[in-house]
There are 2 protein chains.
Amino acid sequence: MIHIALLGFGVVGSGTAEVLAENRALIEKRLGEEICVKYILDLREFPNHPLGDRVIHDIAPILADPEVRIVAEMMGGSHPAYEFTKSALEAGKSVVTSNKEVVAAFGAELLEIARKHGVFYLFEASVGGGIPIIRPLRDDLAPNEILSISGILNGTTNFILSKMKNEGSDFSEALGQAQKLGYAEANPAADVEGLDAARKIVILAALAFGVLIPPSAISVEGITRVTAEQTAVAEAMGCALKLIGHTERIGDRVLALVAPHLVPASSPIHHVDGVFNGILVNANMLGKTFFYGAGAGKLPTASAVVADVLNAAQGTPHLPRWTAATPERIADPADRVCRRAFVFRGCGRCAEATKTYFGNDSYLLRDGSFALISRPMSGREADAAVKACGKELCWSMPVLD
Amino acid sequence: MIHIALLGFGVVGSGTAEVLAENRALIEKRLGEEICVKYILDLREFPNHPLGDRVIHDIAPILADPEVRIVAEMMGGSHPAYEFTKSALEAGKSVVTSNKEVVAAFGAELLEIARKHGVFYLFEASVGGGIPIIRPLRDDLAPNEILSISGILNGTTNFILSKMKNEGSDFSEALGQAQKLGYAEANPAADVEGLDAARKIVILAALAFGVLIPPSAISVEGITRVTAEQTAVAEAMGCALKLIGHTERIGDRVLALVAPHLVPASSPIHHVDGVFNGILVNANMLGKTFFYGAGAGKLPTASAVVADVLNAAQGTPHLPRWTAATPERIADPADRVCRRAFVFRGCGRCAEATKTYFGNDSYLLRDGSFALISRPMSGREADAAVKACGKELCWSMPVLD
């Protein structure tokens, strides 16, 4: 019998109890042992829940109980989740978590503490909800140098962008619909301003490159300024406008960013619609591999938490080493080389002249402005080309290849 | 230092040596030890290869060498690959393999032998080339009951079908082009008649349901009878015509089959073009998760082999238990309930009459025949409905949802 404690009994915490109950027989069969929820830590009482008698309001009994080998932290927020995680690891308990905020801010330190105590610190549920991505990156892609990771990491914003595309609506209208349907929170800032995706991309960057960058130190642009016109132009260019978290290595530095991108139909990310997530990994031996599924939601996320519990119950910890990023390890987004979409105000003759500067033909849009997708160029080169061509830039956006 | 032996030095075997050499530094860093290829077993000599001096022609020294902890079998074919694998496991060595033929035929027995000797038998490279699917199914989806797995498991046939769709060509024409480009072998039977996909789907079925069905015992239809007209009708219906390996549980029985399907645009499988593979897993907690990437090729497949080597070098074996299927565990394909596409010869009036039998509207095709996609129905119900409606059936095909 493996005794575990759940920290937090909100959506993911209660979902974890549900997965354990619903699939009890098969989990026991696969693990060879039963998993028993011995404690649930929450500020609230749950008198009508079958596990209501396990609810406590103080972490101390959990830390003091040698029977508890695994703690699943699903509280959300940095504090006291970070302190509880640290205490549990120091008490020799493995910790699994869905809390991307804690992993993104304190992952390097917590992995080190876990290593010192010979226990696990696992966080499959922190990125992509239930989509297997953390363990495949660590295990299946272990023989590879990761070249880049790009993905749709936030279902709320993807739902809003899908709505805008399908209905030609603007951002605030689509946000309102998402809120009505429960896909966006009353205060949607963390989603629509890109912070949620930023936390996830720094975790993926750390897995790929061993360097954990604070989310506050990366370039983050959300979708609040995306217009119906941009969505339409994207479509006219054969692309979908998506909010992308992207990381790659540039020399010795690691680039991580969140920004709206145009995604051509040839990319599997183009076809990710609604609340789903999709993550594309480019590796030096494997090439491009794509992972797609429910990026959030009670049971999918809980499934990932329970998978980590099973992993912690069975295996020997082989934890990655992450270094907290110093400023000189963080790449300047202006150094990123990629194709870029440009929309200029102007006429057909102007359009032709831009070929010199952007390396590709452009075409007229219905409102008389013209659009092009450039050759791969850095942000600096792009700025110089815009200046040199002398046309009035309406907007520009990176293209994800 | 971990000493390994490579059995077979063809495409995947030499690719494995290449992955180990190319990414030597990062593999050593991740594993904490160096991996050294001590023996290469092959009938041929490779005097000009840097590892040419490791080549031997007899398995005995490998089996007798206690330093060799891991054997990577990449010979292809059932014999002597099966016998060599068995001997290596019995000699206490872990075996990793890309050989789907051996896993599909002897996997249950070999897993049992591995378990008895406390070693690994791993086969990530046997399905989906480099795409992580076996380990995610086993580890990340462990808390889930698998409901179904459906996928494009053969890149050659998907390349041919993509060609047929994009160029309106017929099967033999597209096959010729695939052969010219090296995507299809001179003798393409195992690919185009569905046997390769059949081996892969029985492996996935065993992982999902614990029952290993001989590929010869499942219903297998390849793409040799797919016509340009069917491809066009599929497109008119908003679908792509794809060769699908599919498995699900029907009561106590396991259904596994390979057949052309119509795949609607809402499915991520619809968008898998060219030589790529894509596998959709439907699980009771996680919902639908999709894995996509290079389903074959030297380095992607070798990457999966090396990932298994790393796994075998580090971990504790937790191997699945597979039962060899008895006839009463194998489901009848006619019991499968799914939507189905039908094309009938006839007129608009006939079309209307079929609604009673198939539960959905149909529409006229340009040649005067009419097409419909039915409500979900079993093969038996479908046969009865076709008979009852009294129209002349041109062809019908399952729809993958």
# chains A, B, ... in the order shown; residues from 1 in each chain; ligands from 1
call {"tool": "residues_around", "arguments": {"residues": "His261 in chain B", "least_positions_apart": "2", "cutoff": "7 Å", "atoms": "only C-alpha atoms", "output": "PDB file with N, CA and C atoms, in the first residue's frame"}}
result
ATOM      1  N   LEU B 241      -8.716  10.042 -47.297  1.00  0.00           N
ATOM      2  CA  LEU B 241      -8.702   8.590 -47.296  1.00  0.00           C
ATOM      3  C   LEU B 241      -7.335   8.140 -46.771  1.00  0.00           C
ATOM      4  N   LYS B 242      -7.338   7.421 -45.650  1.00  0.00           N
ATOM      5  CA  LYS B 242      -6.101   7.042 -44.979  1.00  0.00           C
ATOM      6  C   LYS B 242      -6.110   5.556 -44.648  1.00  0.00           C
ATOM      7  N   LEU B 243      -4.933   4.942 -44.670  1.00  0.00           N
ATOM      8  CA  LEU B 243      -4.820   3.557 -44.204  1.00  0.00           C
ATOM      9  C   LEU B 243      -4.630   3.598 -42.688  1.00  0.00           C
ATOM     10  N   ILE B 244      -5.603   3.029 -41.982  1.00  0.00           N
ATOM     11  CA  ILE B 244      -5.638   3.162 -40.523  1.00  0.00           C
ATOM     12  C   ILE B 244      -5.465   1.796 -39.861  1.00  0.00           C
ATOM     13  N   ALA B 259      -7.313  -1.107 -42.253  1.00  0.00           N
ATOM     14  CA  ALA B 259      -8.186  -0.903 -43.411  1.00  0.00           C
ATOM     15  C   ALA B 259      -8.168   0.564 -43.816  1.00  0.00           C
ATOM     16  N   VAL B 263     -11.248   9.879 -42.992  1.00  0.00           N
ATOM     17  CA  VAL B 263     -10.922  10.614 -41.769  1.00  0.00           C
ATOM     18  C   VAL B 263     -11.341  12.070 -41.933  1.00  0.00           C
ATOM     19  N   MET B 397     -16.883   2.340 -46.660  1.00  0.00           N
ATOM     20  CA  MET B 397     -15.628   2.419 -45.914  1.00  0.00           C
ATOM     21  C   MET B 397     -15.922   2.949 -44.511  1.00  0.00           C
ATOM     22  N   PRO B 398     -15.232   2.427 -43.481  1.00  0.00           N
ATOM     23  CA  PRO B 398     -15.464   2.996 -42.147  1.00  0.00           C
ATOM     24  C   PRO B 398     -14.938   4.432 -42.052  1.00  0.00           C
ATOM     25  N   VAL B 399     -15.548   5.205 -41.169  1.00  0.00           N
ATOM     26  CA  VAL B 399     -15.126   6.580 -40.908  1.00  0.00           C
ATOM     27  C   VAL B 399     -14.465   6.609 -39.526  1.00  0.00           C
ATOM     28  N   LEU B 400     -13.330   7.262 -39.438  1.00  0.00           N
ATOM     29  CA  LEU B 400     -12.621   7.328 -38.164  1.00  0.00           C
ATOM     30  C   LEU B 400     -12.965   8.629 -37.451  1.00  0.00           C
TER      31      LEU B 400
END
call {"tool": "interface_residues", "arguments": {"of": "chain A", "to": "chain B", "cutoff": "9 Å", "atoms": "only C-alpha atoms", "output": "PDB file with N, CA, C and O atoms, in the first residue's frame"}}
result
ATOM      1  N   VAL A  19      -9.547  10.176 -10.453  1.00  0.00           N
ATOM      2  CA  VAL A  19      -8.803   9.234 -11.304  1.00  0.00           C
ATOM      3  C   VAL A  19      -8.411   7.998 -10.483  1.00  0.00           C
ATOM      4  O   VAL A  19      -8.568   6.860 -10.942  1.00  0.00           O
ATOM      5  N   LEU A  20      -7.916   8.230  -9.273  1.00  0.00           N
ATOM      6  CA  LEU A  20      -7.490   7.111  -8.425  1.00  0.00           C
ATOM      7  C   LEU A  20      -8.660   6.193  -8.092  1.00  0.00           C
ATOM      8  O   LEU A  20      -8.507   4.969  -8.036  1.00  0.00           O
ATOM      9  N   GLU A  22     -11.697   6.006  -9.829  1.00  0.00           N
ATOM     10  CA  GLU A  22     -12.332   5.497 -11.042  1.00  0.00           C
ATOM     11  C   GLU A  22     -11.532   4.327 -11.627  1.00  0.00           C
ATOM     12  O   GLU A  22     -12.102   3.328 -12.061  1.00  0.00           O
ATOM     13  N   ASN A  23     -10.218   4.472 -11.675  1.00  0.00           N
ATOM     14  CA  ASN A  23      -9.363   3.454 -12.285  1.00  0.00           C
ATOM     15  C   ASN A  23      -8.571   2.671 -11.241  1.00  0.00           C
ATOM     16  O   ASN A  23      -7.494   2.150 -11.531  1.00  0.00           O
ATOM     17  N   ARG A  24      -9.149   2.545 -10.029  1.00  0.00           N
ATOM     18  CA  ARG A  24      -8.443   1.902  -8.924  1.00  0.00           C
ATOM     19  C   ARG A  24      -7.901   0.516  -9.287  1.00  0.00           C
ATOM     20  O   ARG A  24      -6.725   0.215  -9.082  1.00  0.00           O
ATOM     21  N   LEU A  26      -7.270  -0.997 -12.204  1.00  0.00           N
ATOM     22  CA  LEU A  26      -6.186  -1.114 -13.190  1.00  0.00           C
ATOM     23  C   LEU A  26      -4.898  -0.483 -12.680  1.00  0.00           C
ATOM     24  O   LEU A  26      -3.800  -0.950 -12.994  1.00  0.00           O
ATOM     25  N   ILE A  27      -5.015   0.588 -11.871  1.00  0.00           N
ATOM     26  CA  ILE A  27      -3.813   1.198 -11.308  1.00  0.00           C
ATOM     27  C   ILE A  27      -3.141   0.217 -10.345  1.00  0.00           C
ATOM     28  O   ILE A  27      -1.923   0.032 -10.384  1.00  0.00           O
ATOM     29  N   ARG A  30      -1.388  -2.443 -12.389  1.00  0.00           N
ATOM     30  CA  ARG A  30      -0.151  -2.008 -13.045  1.00  0.00           C
ATOM     31  C   ARG A  30       0.966  -1.744 -12.053  1.00  0.00           C
ATOM     32  O   ARG A  30       2.132  -2.003 -12.325  1.00  0.00           O
ATOM     33  N   LEU A  31       0.598  -1.229 -10.880  1.00  0.00           N
ATOM     34  CA  LEU A  31       1.602  -0.864  -9.894  1.00  0.00           C
ATOM     35  C   LEU A  31       1.976  -2.062  -9.019  1.00  0.00           C
ATOM     36  O   LEU A  31       3.079  -2.115  -8.468  1.00  0.00           O
ATOM     37  N   GLU A 124       4.909  16.512 -14.668  1.00  0.00           N
ATOM     38  CA  GLU A 124       4.298  16.271 -15.983  1.00  0.00           C
ATOM     39  C   GLU A 124       3.062  17.134 -16.185  1.00  0.00           C
ATOM     40  O   GLU A 124       2.808  17.628 -17.290  1.00  0.00           O
ATOM     41  N   GLY A 130      -2.744  17.091 -19.664  1.00  0.00           N
ATOM     42  CA  GLY A 130      -2.556  15.648 -19.681  1.00  0.00           C
ATOM     43  C   GLY A 130      -1.640  15.144 -20.782  1.00  0.00           C
ATOM     44  O   GLY A 130      -1.288  13.968 -20.812  1.00  0.00           O
ATOM     45  N   ILE A 131      -1.227  16.017 -21.695  1.00  0.00           N
ATOM     46  CA  ILE A 131      -0.389  15.567 -22.815  1.00  0.00           C
ATOM     47  C   ILE A 131       0.962  15.104 -22.292  1.00  0.00           C
ATOM     48  O   ILE A 131       1.625  15.838 -21.567  1.00  0.00           O
ATOM     49  N   PRO A 132       1.365  13.887 -22.631  1.00  0.00           N
ATOM     50  CA  PRO A 132       2.708  13.461 -22.223  1.00  0.00           C
ATOM     51  C   PRO A 132       3.753  14.301 -22.959  1.00  0.00           C
ATOM     52  O   PRO A 132       3.835  14.236 -24.179  1.00  0.00           O
ATOM     53  N   ILE A 133       4.492  15.117 -22.240  1.00  0.00           N
ATOM     54  CA  ILE A 133       5.536  15.920 -22.893  1.00  0.00           C
ATOM     55  C   ILE A 133       6.803  15.975 -22.039  1.00  0.00           C
ATOM     56  O   ILE A 133       7.900  15.823 -22.567  1.00  0.00           O
ATOM     57  N   ARG A 135       7.979  13.792 -19.649  1.00  0.00           N
ATOM     58  CA  ARG A 135       8.683  12.514 -19.601  1.00  0.00           C
ATOM     59  C   ARG A 135       9.196  12.105 -20.981  1.00  0.00           C
ATOM     60  O   ARG A 135      10.354  11.697 -21.106  1.00  0.00           O
ATOM     61  N   PRO A 136       8.384  12.226 -22.062  1.00  0.00           N
ATOM     62  CA  PRO A 136       8.952  11.945 -23.385  1.00  0.00           C
ATOM     63  C   PRO A 136      10.184  12.781 -23.700  1.00  0.00           C
ATOM     64  O   PRO A 136      11.156  12.277 -24.245  1.00  0.00           O
ATOM     65  N   ASP A 139      12.963  11.208 -21.400  1.00  0.00           N
ATOM     66  CA  ASP A 139      13.326   9.806 -21.649  1.00  0.00           C
ATOM     67  C   ASP A 139      13.466   9.491 -23.133  1.00  0.00           C
ATOM     68  O   ASP A 139      14.517   9.047 -23.579  1.00  0.00           O
ATOM     69  N   ASP A 140      12.400   9.696 -23.878  1.00  0.00           N
ATOM     70  CA  ASP A 140      12.408   9.253 -25.273  1.00  0.00           C
ATOM     71  C   ASP A 140      13.337  10.092 -26.126  1.00  0.00           C
ATOM     72  O   ASP A 140      13.892   9.610 -27.092  1.00  0.00           O
ATOM     73  N   LEU A 141      13.484  11.365 -25.775  1.00  0.00           N
ATOM     74  CA  LEU A 141      14.351  12.223 -26.581  1.00  0.00           C
ATOM     75  C   LEU A 141      15.741  12.360 -25.971  1.00  0.00           C
ATOM     76  O   LEU A 141      16.551  13.165 -26.448  1.00  0.00           O
ATOM     77  N   ALA A 142      16.030  11.562 -24.949  1.00  0.00           N
ATOM     78  CA  ALA A 142      17.323  11.678 -24.264  1.00  0.00           C
ATOM     79  C   ALA A 142      18.522  11.566 -25.210  1.00  0.00           C
ATOM     80  O   ALA A 142      19.525  12.236 -24.987  1.00  0.00           O
ATOM     81  N   PRO A 143      18.471  10.733 -26.261  1.00  0.00           N
ATOM     82  CA  PRO A 143      19.651  10.663 -27.130  1.00  0.00           C
ATOM     83  C   PRO A 143      19.761  11.845 -28.092  1.00  0.00           C
ATOM     84  O   PRO A 143      20.624  11.821 -28.961  1.00  0.00           O
ATOM     85  N   ASN A 144      18.913  12.825 -27.955  1.00  0.00           N
ATOM     86  CA  ASN A 144      18.878  13.934 -28.919  1.00  0.00           C
ATOM     87  C   ASN A 144      19.312  15.253 -28.306  1.00  0.00           C
ATOM     88  O   ASN A 144      19.023  15.538 -27.151  1.00  0.00           O
ATOM     89  N   GLU A 145      19.956  16.047 -29.135  1.00  0.00           N
ATOM     90  CA  GLU A 145      20.076  17.455 -28.806  1.00  0.00           C
ATOM     91  C   GLU A 145      18.787  18.127 -29.261  1.00  0.00           C
ATOM     92  O   GLU A 145      18.367  17.963 -30.412  1.00  0.00           O
ATOM     93  N   SER A 266       1.287  23.853 -43.342  1.00  0.00           N
ATOM     94  CA  SER A 266       2.160  22.676 -43.362  1.00  0.00           C
ATOM     95  C   SER A 266       2.593  22.255 -41.961  1.00  0.00           C
ATOM     96  O   SER A 266       3.079  21.151 -41.763  1.00  0.00           O
ATOM     97  N   PRO A 268       1.870  21.037 -38.113  1.00  0.00           N
ATOM     98  CA  PRO A 268       0.747  20.438 -37.365  1.00  0.00           C
ATOM     99  C   PRO A 268       0.131  21.407 -36.359  1.00  0.00           C
ATOM    100  O   PRO A 268      -1.029  21.251 -35.983  1.00  0.00           O
ATOM    101  N   HIS A 271      -3.248  23.268 -37.187  1.00  0.00           N
ATOM    102  CA  HIS A 271      -4.554  22.608 -37.114  1.00  0.00           C
ATOM    103  C   HIS A 271      -5.066  22.420 -35.685  1.00  0.00           C
ATOM    104  O   HIS A 271      -6.068  21.757 -35.471  1.00  0.00           O
ATOM    105  N   VAL A 272      -4.354  22.974 -34.717  1.00  0.00           N
ATOM    106  CA  VAL A 272      -4.780  22.852 -33.319  1.00  0.00           C
ATOM    107  C   VAL A 272      -5.840  23.918 -33.052  1.00  0.00           C
ATOM    108  O   VAL A 272      -5.526  25.104 -33.020  1.00  0.00           O
ATOM    109  N   GLY A 278      -0.870  21.925 -28.469  1.00  0.00           N
ATOM    110  CA  GLY A 278      -0.039  21.134 -29.368  1.00  0.00           C
ATOM    111  C   GLY A 278       1.396  21.614 -29.264  1.00  0.00           C
ATOM    112  O   GLY A 278       1.645  22.825 -29.293  1.00  0.00           O
ATOM    113  N   ASN A 284      17.787  16.812 -32.967  1.00  0.00           N
ATOM    114  CA  ASN A 284      18.789  16.647 -34.026  1.00  0.00           C
ATOM    115  C   ASN A 284      18.805  15.267 -34.677  1.00  0.00           C
ATOM    116  O   ASN A 284      19.190  15.144 -35.836  1.00  0.00           O
ATOM    117  N   MET A 285      18.354  14.230 -33.993  1.00  0.00           N
ATOM    118  CA  MET A 285      18.289  12.899 -34.612  1.00  0.00           C
ATOM    119  C   MET A 285      16.866  12.558 -35.046  1.00  0.00           C
ATOM    120  O   MET A 285      16.622  11.971 -36.084  1.00  0.00           O
ATOM    121  N   LEU A 286      15.935  12.929 -34.187  1.00  0.00           N
ATOM    122  CA  LEU A 286      14.539  12.520 -34.363  1.00  0.00           C
ATOM    123  C   LEU A 286      13.818  13.387 -35.368  1.00  0.00           C
ATOM    124  O   LEU A 286      12.810  12.965 -35.946  1.00  0.00           O
ATOM    125  N   GLY A 287      14.286  14.604 -35.613  1.00  0.00           N
ATOM    126  CA  GLY A 287      13.519  15.531 -36.433  1.00  0.00           C
ATOM    127  C   GLY A 287      12.350  16.079 -35.638  1.00  0.00           C
ATOM    128  O   GLY A 287      12.433  16.202 -34.422  1.00  0.00           O
ATOM    129  N   LYS A 288      11.244  16.365 -36.353  1.00  0.00           N
ATOM    130  CA  LYS A 288      10.109  17.012 -35.696  1.00  0.00           C
ATOM    131  C   LYS A 288       9.096  16.000 -35.177  1.00  0.00           C
ATOM    132  O   LYS A 288       8.657  15.121 -35.917  1.00  0.00           O
ATOM    133  N   THR A 289       8.756  16.137 -33.925  1.00  0.00           N
ATOM    134  CA  THR A 289       7.747  15.294 -33.295  1.00  0.00           C
ATOM    135  C   THR A 289       6.727  16.208 -32.657  1.00  0.00           C
ATOM    136  O   THR A 289       7.077  17.244 -32.103  1.00  0.00           O
ATOM    137  N   PHE A 290       5.465  15.787 -32.734  1.00  0.00           N
ATOM    138  CA  PHE A 290       4.382  16.662 -32.313  1.00  0.00           C
ATOM    139  C   PHE A 290       3.502  15.947 -31.300  1.00  0.00           C
ATOM    140  O   PHE A 290       3.147  14.781 -31.484  1.00  0.00           O
ATOM    141  N   PHE A 291       3.162  16.650 -30.227  1.00  0.00           N
ATOM    142  CA  PHE A 291       2.333  16.106 -29.159  1.00  0.00           C
ATOM    143  C   PHE A 291       1.086  16.972 -29.038  1.00  0.00           C
ATOM    144  O   PHE A 291       1.198  18.190 -28.908  1.00  0.00           O
ATOM    145  N   TYR A 292      -0.070  16.336 -29.010  1.00  0.00           N
ATOM    146  CA  TYR A 292      -1.338  17.071 -29.078  1.00  0.00           C
ATOM    147  C   TYR A 292      -2.364  16.464 -28.143  1.00  0.00           C
ATOM    148  O   TYR A 292      -2.451  15.233 -28.033  1.00  0.00           O
ATOM    149  N   GLY A 293      -3.124  17.299 -27.485  1.00  0.00           N
ATOM    150  CA  GLY A 293      -4.209  16.792 -26.654  1.00  0.00           C
ATOM    151  C   GLY A 293      -4.821  17.861 -25.781  1.00  0.00           C
ATOM    152  O   GLY A 293      -4.677  19.058 -26.043  1.00  0.00           O
ATOM    153  N   ALA A 294      -5.504  17.384 -24.722  1.00  0.00           N
ATOM    154  CA  ALA A 294      -6.185  18.292 -23.805  1.00  0.00           C
ATOM    155  C   ALA A 294      -5.142  18.958 -22.921  1.00  0.00           C
ATOM    156  O   ALA A 294      -4.522  18.310 -22.090  1.00  0.00           O
ATOM    157  N   LEU A 299      -9.776  16.088 -15.385  1.00  0.00           N
ATOM    158  CA  LEU A 299      -9.304  14.698 -15.433  1.00  0.00           C
ATOM    159  C   LEU A 299      -8.022  14.525 -16.252  1.00  0.00           C
ATOM    160  O   LEU A 299      -7.136  13.773 -15.831  1.00  0.00           O
ATOM    161  N   PRO A 300      -7.878  15.206 -17.405  1.00  0.00           N
ATOM    162  CA  PRO A 300      -6.590  15.079 -18.119  1.00  0.00           C
ATOM    163  C   PRO A 300      -5.407  15.505 -17.251  1.00  0.00           C
ATOM    164  O   PRO A 300      -4.390  14.800 -17.186  1.00  0.00           O
ATOM    165  N   THR A 301      -5.527  16.651 -16.591  1.00  0.00           N
ATOM    166  CA  THR A 301      -4.416  17.115 -15.761  1.00  0.00           C
ATOM    167  C   THR A 301      -4.183  16.145 -14.603  1.00  0.00           C
ATOM    168  O   THR A 301      -3.037  15.804 -14.283  1.00  0.00           O
ATOM    169  N   ALA A 302      -5.276  15.686 -14.001  1.00  0.00           N
ATOM    170  CA  ALA A 302      -5.153  14.727 -12.901  1.00  0.00           C
ATOM    171  C   ALA A 302      -4.508  13.428 -13.377  1.00  0.00           C
ATOM    172  O   ALA A 302      -3.737  12.797 -12.643  1.00  0.00           O
ATOM    173  N   SER A 303      -4.801  13.023 -14.609  1.00  0.00           N
ATOM    174  CA  SER A 303      -4.184  11.811 -15.164  1.00  0.00           C
ATOM    175  C   SER A 303      -2.665  11.948 -15.168  1.00  0.00           C
ATOM    176  O   SER A 303      -1.933  11.008 -14.830  1.00  0.00           O
ATOM    177  N   ALA A 304      -2.178  13.144 -15.520  1.00  0.00           N
ATOM    178  CA  ALA A 304      -0.727  13.372 -15.534  1.00  0.00           C
ATOM    179  C   ALA A 304      -0.164  13.354 -14.113  1.00  0.00           C
ATOM    180  O   ALA A 304       0.938  12.842 -13.877  1.00  0.00           O
ATOM    181  N   VAL A 306      -1.345  11.600 -11.614  1.00  0.00           N
ATOM    182  CA  VAL A 306      -1.318  10.208 -11.159  1.00  0.00           C
ATOM    183  C   VAL A 306      -0.204   9.429 -11.872  1.00  0.00           C
ATOM    184  O   VAL A 306       0.447   8.568 -11.270  1.00  0.00           O
ATOM    185  N   ALA A 307       0.044   9.736 -13.144  1.00  0.00           N
ATOM    186  CA  ALA A 307       1.159   9.086 -13.850  1.00  0.00           C
ATOM    187  C   ALA A 307       2.468   9.367 -13.118  1.00  0.00           C
ATOM    188  O   ALA A 307       3.317   8.473 -12.958  1.00  0.00           O
ATOM    189  N   ASP A 308       2.637  10.593 -12.656  1.00  0.00           N
ATOM    190  CA  ASP A 308       3.835  10.935 -11.888  1.00  0.00           C
ATOM    191  C   ASP A 308       3.870  10.188 -10.547  1.00  0.00           C
ATOM    192  O   ASP A 308       4.937   9.763 -10.098  1.00  0.00           O
ATOM    193  N   LEU A 310       2.662   7.250  -9.984  1.00  0.00           N
ATOM    194  CA  LEU A 310       3.067   5.876 -10.299  1.00  0.00           C
ATOM    195  C   LEU A 310       4.567   5.819 -10.568  1.00  0.00           C
ATOM    196  O   LEU A 310       5.268   4.903 -10.127  1.00  0.00           O
ATOM    197  N   ASN A 311       5.067   6.795 -11.296  1.00  0.00           N
ATOM    198  CA  ASN A 311       6.489   6.851 -11.600  1.00  0.00           C
ATOM    199  C   ASN A 311       7.304   6.968 -10.305  1.00  0.00           C
ATOM    200  O   ASN A 311       8.290   6.234 -10.098  1.00  0.00           O
ATOM    201  N   GLN A 314       7.465   3.692  -8.313  1.00  0.00           N
ATOM    202  CA  GLN A 314       8.134   2.520  -8.861  1.00  0.00           C
ATOM    203  C   GLN A 314       9.621   2.688  -9.100  1.00  0.00           C
ATOM    204  O   GLN A 314      10.378   1.750  -8.986  1.00  0.00           O
ATOM    205  N   GLY A 315      10.006   3.864  -9.569  1.00  0.00           N
ATOM    206  CA  GLY A 315      11.309   3.980 -10.207  1.00  0.00           C
ATOM    207  C   GLY A 315      12.409   4.446  -9.286  1.00  0.00           C
ATOM    208  O   GLY A 315      12.263   4.562  -8.079  1.00  0.00           O
ATOM    209  N   THR A 316      13.537   4.683  -9.915  1.00  0.00           N
ATOM    210  CA  THR A 316      14.685   5.289  -9.261  1.00  0.00           C
ATOM    211  C   THR A 316      14.765   6.705  -9.811  1.00  0.00           C
ATOM    212  O   THR A 316      14.698   6.883 -11.025  1.00  0.00           O
ATOM    213  N   PRO A 317      14.892   7.711  -8.950  1.00  0.00           N
ATOM    214  CA  PRO A 317      14.897   9.064  -9.500  1.00  0.00           C
ATOM    215  C   PRO A 317      16.127   9.366 -10.352  1.00  0.00           C
ATOM    216  O   PRO A 317      17.256   9.118  -9.931  1.00  0.00           O
ATOM    217  N   HIS A 318      15.890   9.817 -11.583  1.00  0.00           N
ATOM    218  CA  HIS A 318      16.963  10.349 -12.432  1.00  0.00           C
ATOM    219  C   HIS A 318      16.518  11.750 -12.801  1.00  0.00           C
ATOM    220  O   HIS A 318      15.815  11.938 -13.784  1.00  0.00           O
ATOM    221  N   PRO A 320      16.677  15.755 -13.855  1.00  0.00           N
ATOM    222  CA  PRO A 320      17.529  16.659 -14.633  1.00  0.00           C
ATOM    223  C   PRO A 320      18.191  17.687 -13.721  1.00  0.00           C
ATOM    224  O   PRO A 320      17.691  17.970 -12.633  1.00  0.00           O
TER     225      PRO A 320
END
call {"tool": "closest_residue", "arguments": {"among": "B:Val11, B:Ile201, B:Cys36, B:Ala313", "to": "Tyr121 in chain B", "atoms": "only C-alpha atoms"}}
result
B:Ala313
call {"tool": "residues_around", "arguments": {"residues": "Glu193 in chain A", "least_positions_apart": "2", "cutoff": "9 Å", "atoms": "only C-alpha atoms", "output": "list of chain:residue names"}}
result
A:Pro188, A:Ala189, A:Ala190, A:Asp191, A:Leu195, A:Asp196, A:Ala197, A:Val220, A:Glu221, A:Gly222, A:Ile223, A:Thr224
call {"tool": "atom_distance", "arguments": {"atom1": "CA of Trp395 in chain B", "atom2": "CA of Ser216 in chain B"}}
result
24.9 Å
call {"tool": "closest_residue", "arguments": {"among": "B:Leu7, B:Lys38, B:Asn48, B:Val12", "to": "Pro80 in chain B", "atoms": "only C-alpha atoms"}}
result
B:Leu7
